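**Q** Just one file: final36.cif, with mmCIF, N, CA, C and O atoms.
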data_data
#
loop_
_atom_site.group_PDB
_atom_site.id
_atom_site.type_symbol
_atom_site.label_atom_id
_atom_site.label_comp_id
_atom_site.auth_asym_id
_atom_site.auth_seq_id
_atom_site.Cartn_x
_atom_site.Cartn_y
_atom_site.Cartn_z
ATOM 1 N N MET A 1162 67.967 -103.552 -197.492
ATOM 2 C CA MET A 1162 66.798 -103.954 -196.768
ATOM 3 C C MET A 1162 65.867 -104.724 -197.706
ATOM 4 O O MET A 1162 65.578 -104.283 -198.815
ATOM 5 N N ALA A 1163 65.407 -105.867 -197.251
ATOM 6 C CA ALA A 1163 64.552 -106.716 -198.070
ATOM 7 C C ALA A 1163 63.112 -106.212 -198.064
ATOM 8 O O ALA A 1163 62.625 -105.674 -197.076
ATOM 9 N N ILE A 1164 62.443 -106.413 -199.188
ATOM 10 C CA ILE A 1164 61.030 -106.066 -199.289
ATOM 11 C C ILE A 1164 60.230 -107.321 -199.007
ATOM 12 O O ILE A 1164 60.456 -108.365 -199.618
ATOM 13 N N THR A 1165 59.304 -107.235 -198.061
ATOM 14 C CA THR A 1165 58.488 -108.389 -197.695
ATOM 15 C C THR A 1165 57.019 -108.090 -197.960
ATOM 16 O O THR A 1165 56.588 -106.932 -197.978
ATOM 17 N N PHE A 1166 56.262 -109.163 -198.153
ATOM 18 C CA PHE A 1166 54.827 -109.044 -198.343
ATOM 19 C C PHE A 1166 54.159 -110.125 -197.518
ATOM 20 O O PHE A 1166 54.515 -111.300 -197.603
ATOM 21 N N ARG A 1167 53.204 -109.741 -196.688
ATOM 22 C CA ARG A 1167 52.434 -110.690 -195.902
ATOM 23 C C ARG A 1167 51.073 -110.083 -195.634
ATOM 24 O O ARG A 1167 50.967 -108.937 -195.210
ATOM 25 N N LYS A 1168 50.021 -110.854 -195.900
ATOM 26 C CA LYS A 1168 48.674 -110.375 -195.664
ATOM 27 C C LYS A 1168 47.854 -111.507 -195.064
ATOM 28 O O LYS A 1168 47.987 -112.664 -195.466
ATOM 29 N N SER A 1169 47.008 -111.185 -194.104
ATOM 30 C CA SER A 1169 46.180 -112.168 -193.429
ATOM 31 C C SER A 1169 44.727 -111.727 -193.522
ATOM 32 O O SER A 1169 44.404 -110.567 -193.249
ATOM 33 N N PHE A 1170 43.844 -112.649 -193.945
ATOM 34 C CA PHE A 1170 42.419 -112.372 -194.068
ATOM 35 C C PHE A 1170 41.643 -113.299 -193.150
ATOM 36 O O PHE A 1170 41.922 -114.495 -193.110
ATOM 37 N N ARG A 1171 40.685 -112.768 -192.449
ATOM 38 C CA ARG A 1171 39.805 -113.584 -191.620
ATOM 39 C C ARG A 1171 38.631 -114.012 -192.481
ATOM 40 O O ARG A 1171 37.826 -113.193 -192.927
ATOM 41 N N ILE A 1172 38.529 -115.315 -192.762
ATOM 42 C CA ILE A 1172 37.477 -115.843 -193.630
ATOM 43 C C ILE A 1172 36.207 -116.084 -192.816
ATOM 44 O O ILE A 1172 35.131 -115.630 -193.179
ATOM 45 N N PHE A 1173 36.327 -116.842 -191.744
ATOM 46 C CA PHE A 1173 35.254 -117.130 -190.808
ATOM 47 C C PHE A 1173 35.831 -116.974 -189.409
ATOM 48 O O PHE A 1173 37.044 -116.942 -189.248
ATOM 49 N N PRO A 1174 34.993 -116.922 -188.386
ATOM 50 C CA PRO A 1174 35.554 -116.910 -187.036
ATOM 51 C C PRO A 1174 36.403 -118.167 -186.796
ATOM 52 O O PRO A 1174 35.949 -119.282 -187.002
ATOM 53 N N GLY A 1175 37.644 -117.978 -186.429
ATOM 54 C CA GLY A 1175 38.548 -119.095 -186.180
ATOM 55 C C GLY A 1175 39.261 -119.620 -187.411
ATOM 56 O O GLY A 1175 40.017 -120.587 -187.325
ATOM 57 N N VAL A 1176 39.069 -119.001 -188.587
ATOM 58 C CA VAL A 1176 39.731 -119.442 -189.826
ATOM 59 C C VAL A 1176 40.385 -118.235 -190.488
ATOM 60 O O VAL A 1176 39.734 -117.226 -190.746
ATOM 61 N N ARG A 1177 41.686 -118.347 -190.752
ATOM 62 C CA ARG A 1177 42.427 -117.271 -191.403
ATOM 63 C C ARG A 1177 43.128 -117.777 -192.656
ATOM 64 O O ARG A 1177 43.644 -118.887 -192.668
ATOM 65 N N LEU A 1178 43.172 -116.937 -193.675
ATOM 66 C CA LEU A 1178 43.944 -117.193 -194.884
ATOM 67 C C LEU A 1178 45.132 -116.249 -194.844
ATOM 68 O O LEU A 1178 44.967 -115.028 -194.767
ATOM 69 N N ASN A 1179 46.340 -116.804 -194.864
ATOM 70 C CA ASN A 1179 47.571 -116.030 -194.799
ATOM 71 C C ASN A 1179 48.281 -116.140 -196.145
ATOM 72 O O ASN A 1179 48.476 -117.239 -196.649
ATOM 73 N N ILE A 1180 48.663 -115.020 -196.692
ATOM 74 C CA ILE A 1180 49.333 -114.997 -197.996
ATOM 75 C C ILE A 1180 50.650 -114.253 -197.844
ATOM 76 O O ILE A 1180 50.706 -113.186 -197.243
ATOM 77 N N ASN A 1181 51.730 -114.846 -198.389
ATOM 78 C CA ASN A 1181 52.994 -114.136 -198.450
ATOM 79 C C ASN A 1181 53.552 -114.276 -199.854
ATOM 80 O O ASN A 1181 52.886 -114.769 -200.752
ATOM 81 N N ARG A 1182 54.753 -113.853 -200.036
ATOM 82 C CA ARG A 1182 55.349 -113.789 -201.372
ATOM 83 C C ARG A 1182 55.500 -115.163 -202.024
ATOM 84 O O ARG A 1182 55.377 -115.298 -203.240
ATOM 85 N N ARG A 1183 55.764 -116.200 -201.248
ATOM 86 C CA ARG A 1183 56.062 -117.506 -201.821
ATOM 87 C C ARG A 1183 54.986 -118.559 -201.652
ATOM 88 O O ARG A 1183 55.001 -119.575 -202.338
ATOM 89 N N SER A 1184 54.073 -118.380 -200.692
ATOM 90 C CA SER A 1184 53.083 -119.423 -200.434
ATOM 91 C C SER A 1184 51.857 -118.831 -199.754
ATOM 92 O O SER A 1184 51.790 -117.631 -199.490
ATOM 93 N N TRP A 1185 50.913 -119.687 -199.464
ATOM 94 C CA TRP A 1185 49.725 -119.313 -198.717
ATOM 95 C C TRP A 1185 49.477 -120.394 -197.671
ATOM 96 O O TRP A 1185 50.000 -121.495 -197.770
ATOM 97 N N SER A 1186 48.707 -120.072 -196.654
ATOM 98 C CA SER A 1186 48.393 -121.042 -195.623
ATOM 99 C C SER A 1186 47.031 -120.739 -195.020
ATOM 100 O O SER A 1186 46.516 -119.627 -195.133
ATOM 101 N N ILE A 1187 46.465 -121.751 -194.384
ATOM 102 C CA ILE A 1187 45.196 -121.622 -193.688
ATOM 103 C C ILE A 1187 45.437 -121.964 -192.230
ATOM 104 O O ILE A 1187 46.038 -122.999 -191.931
ATOM 105 N N THR A 1188 44.969 -121.097 -191.339
ATOM 106 C CA THR A 1188 45.104 -121.326 -189.910
ATOM 107 C C THR A 1188 43.724 -121.571 -189.323
ATOM 108 O O THR A 1188 42.797 -120.788 -189.534
ATOM 109 N N LEU A 1189 43.595 -122.679 -188.592
ATOM 110 C CA LEU A 1189 42.346 -123.042 -187.936
ATOM 111 C C LEU A 1189 42.529 -122.927 -186.439
ATOM 112 O O LEU A 1189 43.561 -123.318 -185.906
ATOM 113 N N GLY A 1190 41.538 -122.440 -185.763
ATOM 114 C CA GLY A 1190 41.610 -122.304 -184.313
ATOM 115 C C GLY A 1190 41.955 -120.901 -183.916
ATOM 116 O O GLY A 1190 41.991 -119.981 -184.731
ATOM 117 N N GLY A 1191 42.186 -120.724 -182.666
ATOM 118 C CA GLY A 1191 42.516 -119.406 -182.156
ATOM 119 C C GLY A 1191 41.923 -119.233 -180.778
ATOM 120 O O GLY A 1191 41.466 -120.186 -180.160
ATOM 121 N N GLY A 1192 41.923 -118.032 -180.328
ATOM 122 C CA GLY A 1192 41.412 -117.788 -178.983
ATOM 123 C C GLY A 1192 42.348 -118.373 -177.945
ATOM 124 O O GLY A 1192 43.526 -118.073 -177.918
ATOM 125 N N HIS A 1193 41.823 -119.247 -177.096
ATOM 126 C CA HIS A 1193 42.617 -119.793 -175.999
ATOM 127 C C HIS A 1193 43.065 -121.224 -176.237
ATOM 128 O O HIS A 1193 43.590 -121.861 -175.346
ATOM 129 N N GLY A 1194 42.867 -121.752 -177.432
ATOM 130 C CA GLY A 1194 43.258 -123.126 -177.703
ATOM 131 C C GLY A 1194 44.389 -123.204 -178.700
ATOM 132 O O GLY A 1194 44.992 -122.192 -179.071
ATOM 133 N N PRO A 1195 44.679 -124.405 -179.165
ATOM 134 C CA PRO A 1195 45.770 -124.566 -180.138
ATOM 135 C C PRO A 1195 45.386 -124.043 -181.523
ATOM 136 O O PRO A 1195 44.213 -123.974 -181.871
ATOM 137 N N HIS A 1196 46.388 -123.681 -182.304
ATOM 138 C CA HIS A 1196 46.216 -123.221 -183.676
ATOM 139 C C HIS A 1196 46.825 -124.288 -184.575
ATOM 140 O O HIS A 1196 47.924 -124.758 -184.314
ATOM 141 N N HIS A 1197 46.148 -124.643 -185.653
ATOM 142 C CA HIS A 1197 46.659 -125.605 -186.622
ATOM 143 C C HIS A 1197 46.807 -124.874 -187.946
ATOM 144 O O HIS A 1197 45.838 -124.314 -188.459
ATOM 145 N N THR A 1198 48.018 -124.886 -188.500
ATOM 146 C CA THR A 1198 48.297 -124.190 -189.752
ATOM 147 C C THR A 1198 48.736 -125.196 -190.798
ATOM 148 O O THR A 1198 49.597 -126.032 -190.548
ATOM 149 N N ILE A 1199 48.142 -125.094 -192.002
ATOM 150 C CA ILE A 1199 48.489 -125.951 -193.130
ATOM 151 C C ILE A 1199 48.921 -125.035 -194.264
ATOM 152 O O ILE A 1199 48.163 -124.174 -194.691
ATOM 153 N N SER A 1200 50.157 -125.230 -194.760
ATOM 154 C CA SER A 1200 50.726 -124.368 -195.781
ATOM 155 C C SER A 1200 50.680 -125.031 -197.149
ATOM 156 O O SER A 1200 50.644 -126.256 -197.259
ATOM 157 N N SER A 1201 50.710 -124.215 -198.193
ATOM 158 C CA SER A 1201 50.727 -124.735 -199.558
ATOM 159 C C SER A 1201 52.032 -125.454 -199.876
ATOM 160 O O SER A 1201 52.102 -126.225 -200.825
ATOM 161 N N THR A 1202 53.076 -125.229 -199.092
ATOM 162 C CA THR A 1202 54.352 -125.901 -199.305
ATOM 163 C C THR A 1202 54.423 -127.250 -198.592
ATOM 164 O O THR A 1202 55.429 -127.935 -198.675
ATOM 165 N N GLY A 1203 53.362 -127.611 -197.848
ATOM 166 C CA GLY A 1203 53.327 -128.895 -197.173
ATOM 167 C C GLY A 1203 53.667 -128.838 -195.700
ATOM 168 O O GLY A 1203 53.631 -129.842 -195.006
ATOM 169 N N ARG A 1204 53.998 -127.687 -195.194
ATOM 170 C CA ARG A 1204 54.338 -127.552 -193.779
ATOM 171 C C ARG A 1204 53.062 -127.524 -192.948
ATOM 172 O O ARG A 1204 52.107 -126.837 -193.278
ATOM 173 N N ARG A 1205 53.078 -128.293 -191.857
ATOM 174 C CA ARG A 1205 51.962 -128.308 -190.906
ATOM 175 C C ARG A 1205 52.504 -127.912 -189.541
ATOM 176 O O ARG A 1205 53.471 -128.488 -189.069
ATOM 177 N N THR A 1206 51.867 -126.920 -188.937
ATOM 178 C CA THR A 1206 52.332 -126.416 -187.650
ATOM 179 C C THR A 1206 51.171 -126.401 -186.666
ATOM 180 O O THR A 1206 50.078 -125.972 -187.001
ATOM 181 N N THR A 1207 51.432 -126.863 -185.456
ATOM 182 C CA THR A 1207 50.494 -126.758 -184.352
ATOM 183 C C THR A 1207 51.166 -125.918 -183.285
ATOM 184 O O THR A 1207 52.296 -126.198 -182.895
ATOM 185 N N SER A 1208 50.491 -124.876 -182.827
ATOM 186 C CA SER A 1208 51.085 -124.007 -181.833
ATOM 187 C C SER A 1208 50.036 -123.587 -180.817
ATOM 188 O O SER A 1208 48.840 -123.635 -181.069
ATOM 189 N N MET A 1209 50.530 -123.171 -179.660
ATOM 190 C CA MET A 1209 49.635 -122.743 -178.597
ATOM 191 C C MET A 1209 50.350 -121.715 -177.738
ATOM 192 O O MET A 1209 51.525 -121.880 -177.408
ATOM 193 N N ASP A 1210 49.646 -120.639 -177.416
ATOM 194 C CA ASP A 1210 50.205 -119.628 -176.523
ATOM 195 C C ASP A 1210 50.027 -120.099 -175.092
ATOM 196 O O ASP A 1210 48.966 -120.555 -174.702
ATOM 197 N N LEU A 1211 51.094 -119.984 -174.320
ATOM 198 C CA LEU A 1211 51.063 -120.341 -172.914
ATOM 199 C C LEU A 1211 51.256 -119.072 -172.081
ATOM 200 O O LEU A 1211 51.757 -118.073 -172.586
ATOM 201 N N PRO A 1212 50.864 -119.090 -170.825
ATOM 202 C CA PRO A 1212 50.992 -117.882 -170.003
ATOM 203 C C PRO A 1212 52.430 -117.383 -169.909
ATOM 204 O O PRO A 1212 53.375 -118.162 -169.909
ATOM 205 N N GLY A 1213 52.554 -116.074 -169.835
ATOM 206 C CA GLY A 1213 53.871 -115.455 -169.719
ATOM 207 C C GLY A 1213 54.601 -115.471 -171.043
ATOM 208 O O GLY A 1213 53.996 -115.459 -172.107
ATOM 209 N N PRO A 1214 55.928 -115.511 -171.009
ATOM 210 C CA PRO A 1214 56.711 -115.458 -172.239
ATOM 211 C C PRO A 1214 56.866 -116.822 -172.910
ATOM 212 O O PRO A 1214 57.688 -116.985 -173.801
ATOM 213 N N LEU A 1215 56.090 -117.795 -172.477
ATOM 214 C CA LEU A 1215 56.225 -119.150 -173.010
ATOM 215 C C LEU A 1215 55.298 -119.370 -174.202
ATOM 216 O O LEU A 1215 54.256 -118.756 -174.328
ATOM 217 N N GLY A 1216 55.674 -120.268 -175.040
ATOM 218 C CA GLY A 1216 54.858 -120.671 -176.174
ATOM 219 C C GLY A 1216 55.245 -122.082 -176.572
ATOM 220 O O GLY A 1216 56.299 -122.582 -176.181
ATOM 221 N N TRP A 1217 54.404 -122.747 -177.321
ATOM 222 C CA TRP A 1217 54.672 -124.116 -177.734
ATOM 223 C C TRP A 1217 54.396 -124.219 -179.216
ATOM 224 O O TRP A 1217 53.419 -123.681 -179.724
ATOM 225 N N ARG A 1218 55.283 -124.915 -179.953
ATOM 226 C CA ARG A 1218 55.111 -125.067 -181.393
ATOM 227 C C ARG A 1218 55.674 -126.399 -181.833
ATOM 228 O O ARG A 1218 56.740 -126.813 -181.413
ATOM 229 N N ARG A 1219 54.969 -127.060 -182.723
ATOM 230 C CA ARG A 1219 55.449 -128.294 -183.347
ATOM 231 C C ARG A 1219 55.237 -128.175 -184.838
ATOM 232 O O ARG A 1219 54.128 -127.914 -185.300
ATOM 233 N N THR A 1220 56.294 -128.354 -185.609
ATOM 234 C CA THR A 1220 56.235 -128.220 -187.060
ATOM 235 C C THR A 1220 56.680 -129.500 -187.720
ATOM 236 O O THR A 1220 57.687 -130.099 -187.332
ATOM 237 N N THR A 1221 55.927 -129.934 -188.725
ATOM 238 C CA THR A 1221 56.312 -131.079 -189.528
ATOM 239 C C THR A 1221 56.286 -130.674 -190.993
ATOM 240 O O THR A 1221 55.450 -129.884 -191.401
ATOM 241 N N ASN A 1222 57.203 -131.205 -191.762
ATOM 242 C CA ASN A 1222 57.280 -130.938 -193.187
ATOM 243 C C ASN A 1222 56.941 -132.192 -193.958
ATOM 244 O O ASN A 1222 57.388 -133.264 -193.620
ATOM 245 N N ARG A 1223 56.182 -132.019 -195.030
ATOM 246 C CA ARG A 1223 55.862 -133.139 -195.902
ATOM 247 C C ARG A 1223 57.040 -133.400 -196.819
ATOM 248 O O ARG A 1223 57.639 -132.481 -197.369
ATOM 249 N N ARG A 1224 57.387 -134.644 -196.969
ATOM 250 C CA ARG A 1224 58.476 -134.980 -197.888
ATOM 251 C C ARG A 1224 57.987 -134.976 -199.326
ATOM 252 O O ARG A 1224 56.905 -135.486 -199.620
ATOM 253 N N ASN A 1225 58.771 -134.403 -200.207
ATOM 254 C CA ASN A 1225 58.451 -134.443 -201.640
ATOM 255 C C ASN A 1225 58.960 -135.744 -202.217
ATOM 256 O O ASN A 1225 60.129 -136.079 -202.091
ATOM 257 N N ARG A 1226 58.090 -136.503 -202.833
ATOM 258 C CA ARG A 1226 58.485 -137.807 -203.389
ATOM 259 C C ARG A 1226 58.728 -137.746 -204.846
ATOM 260 O O ARG A 1226 58.320 -137.046 -205.610
#
Before anything else, please render the file you have as structure tokens.
**A**
Amino acid sequence: MAITFRKSFRIFPGVRLNINRRSWSITLGGGHGPHHTISSTGRRTTSMDLPGPLGWRRTTNRRNR
């Protein structure tokens, strides 16, 4: 069984700092609108909860040059 570490801190209303073993990220938004997440690894994700079991997510990765 793998050991995992993940912690989330609420900095301001609508702003979260997420820390895990390999990276950190900041999530903006929340409530009933879209969430925008920017990771230290360059990943950007936009997601939104939809009614019922549906959800929407779009992820883009930054290319390392």
**Q** Could you give me the residues within chain A that DSSP places in strand (DSSP E), as an MDAnalysis selection string?
**A** chainID A and resid 1167:1173 1176:1181 1185:1190 1196:1200 1204:1210 1216:1222
**Q** Please evaluate the PyMOL selection byres ((chain A and resi 1197) around 6) against the structure above and give the resulting residues as JSON, numbers by chain.
**A** {"A": [1187, 1188, 1189, 1190, 1195, 1196, 1198, 1199, 1206, 1207, 1208]}
**Q** Mind pulling up the distance from atom C of Arg1171 of chain A to atom CA of Arg1204 of chain A?
**A**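 Atom-to-atom, atom CA of Arg1204 of chain A to atom C of Arg1171 of chain A, that is 20.8 Å.
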**Q** Residue by residue, what does the PyMOL selection byres ((chain A and resi 1167) around 7) grab here? Present the result as a PyMOL selection string.
**A** chain A and resi 1165-1166+1168-1169+1179-1182
**Q** What does the structure give for the distance between atom CA of Gly1194 of chain A and atom CA of Ile1172 of chain A, in Å to one decimal?
**A**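 Distance reported for this atom pair: 18.4 Å.
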**Q** Go ahead and compute the interatomic distance for atom O of Arg1218 of chain A and atom C of Ser1201 of chain A, in Å to one decimal.
**A**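 Separation of atom O of Arg1218 of chain A and atom C of Ser1201 of chain A: 19.1 Å.
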**Q** Return as a PDB file with N, CA, C and O atoms, in the coordinates of the input the set of residues that the PyMOL selection byres ((chain A and resi 1221) around 5) yields on the displayed structure.
**A**
ATOM      1  N   GLY A1203      53.362-127.611-197.848  1.00  0.00           N
ATOM      2  CA  GLY A1203      53.327-128.895-197.173  1.00  0.00           C
ATOM      3  C   GLY A1203      53.667-128.838-195.700  1.00  0.00           C
ATOM      4  O   GLY A1203      53.631-129.842-195.006  1.00  0.00           O
ATOM      5  N   ARG A1204      53.998-127.687-195.194  1.00  0.00           N
ATOM      6  CA  ARG A1204      54.338-127.552-193.779  1.00  0.00           C
ATOM      7  C   ARG A1204      53.062-127.524-192.948  1.00  0.00           C
ATOM      8  O   ARG A1204      52.107-126.837-193.278  1.00  0.00           O
ATOM      9  N   ARG A1205      53.078-128.293-191.857  1.00  0.00           N
ATOM     10  CA  ARG A1205      51.962-128.308-190.906  1.00  0.00           C
ATOM     11  C   ARG A1205      52.504-127.912-189.541  1.00  0.00           C
ATOM     12  O   ARG A1205      53.471-128.488-189.069  1.00  0.00           O
ATOM     13  N   ARG A1219      54.969-127.060-182.723  1.00  0.00           N
ATOM     14  CA  ARG A1219      55.449-128.294-183.347  1.00  0.00           C
ATOM     15  C   ARG A1219      55.237-128.175-184.838  1.00  0.00           C
ATOM     16  O   ARG A1219      54.128-127.914-185.300  1.00  0.00           O
ATOM     17  N   THR A1220      56.294-128.354-185.609  1.00  0.00           N
ATOM     18  CA  THR A1220      56.235-128.220-187.060  1.00  0.00           C
ATOM     19  C   THR A1220      56.680-129.500-187.720  1.00  0.00           C
ATOM     20  O   THR A1220      57.687-130.099-187.332  1.00  0.00           O
ATOM     21  N   ASN A1222      57.203-131.205-191.762  1.00  0.00           N
ATOM     22  CA  ASN A1222      57.280-130.938-193.187  1.00  0.00           C
ATOM     23  C   ASN A1222      56.941-132.192-193.958  1.00  0.00           C
ATOM     24  O   ASN A1222      57.388-133.264-193.620  1.00  0.00           O
ATOM     25  N   ARG A1223      56.182-132.019-195.030  1.00  0.00           N
ATOM     26  CA  ARG A1223      55.862-133.139-195.902  1.00  0.00           C
ATOM     27  C   ARG A1223      57.040-133.400-196.819  1.00  0.00           C
ATOM     28  O   ARG A1223      57.639-132.481-197.369  1.00  0.00           O
TER      29      ARG A1223
END
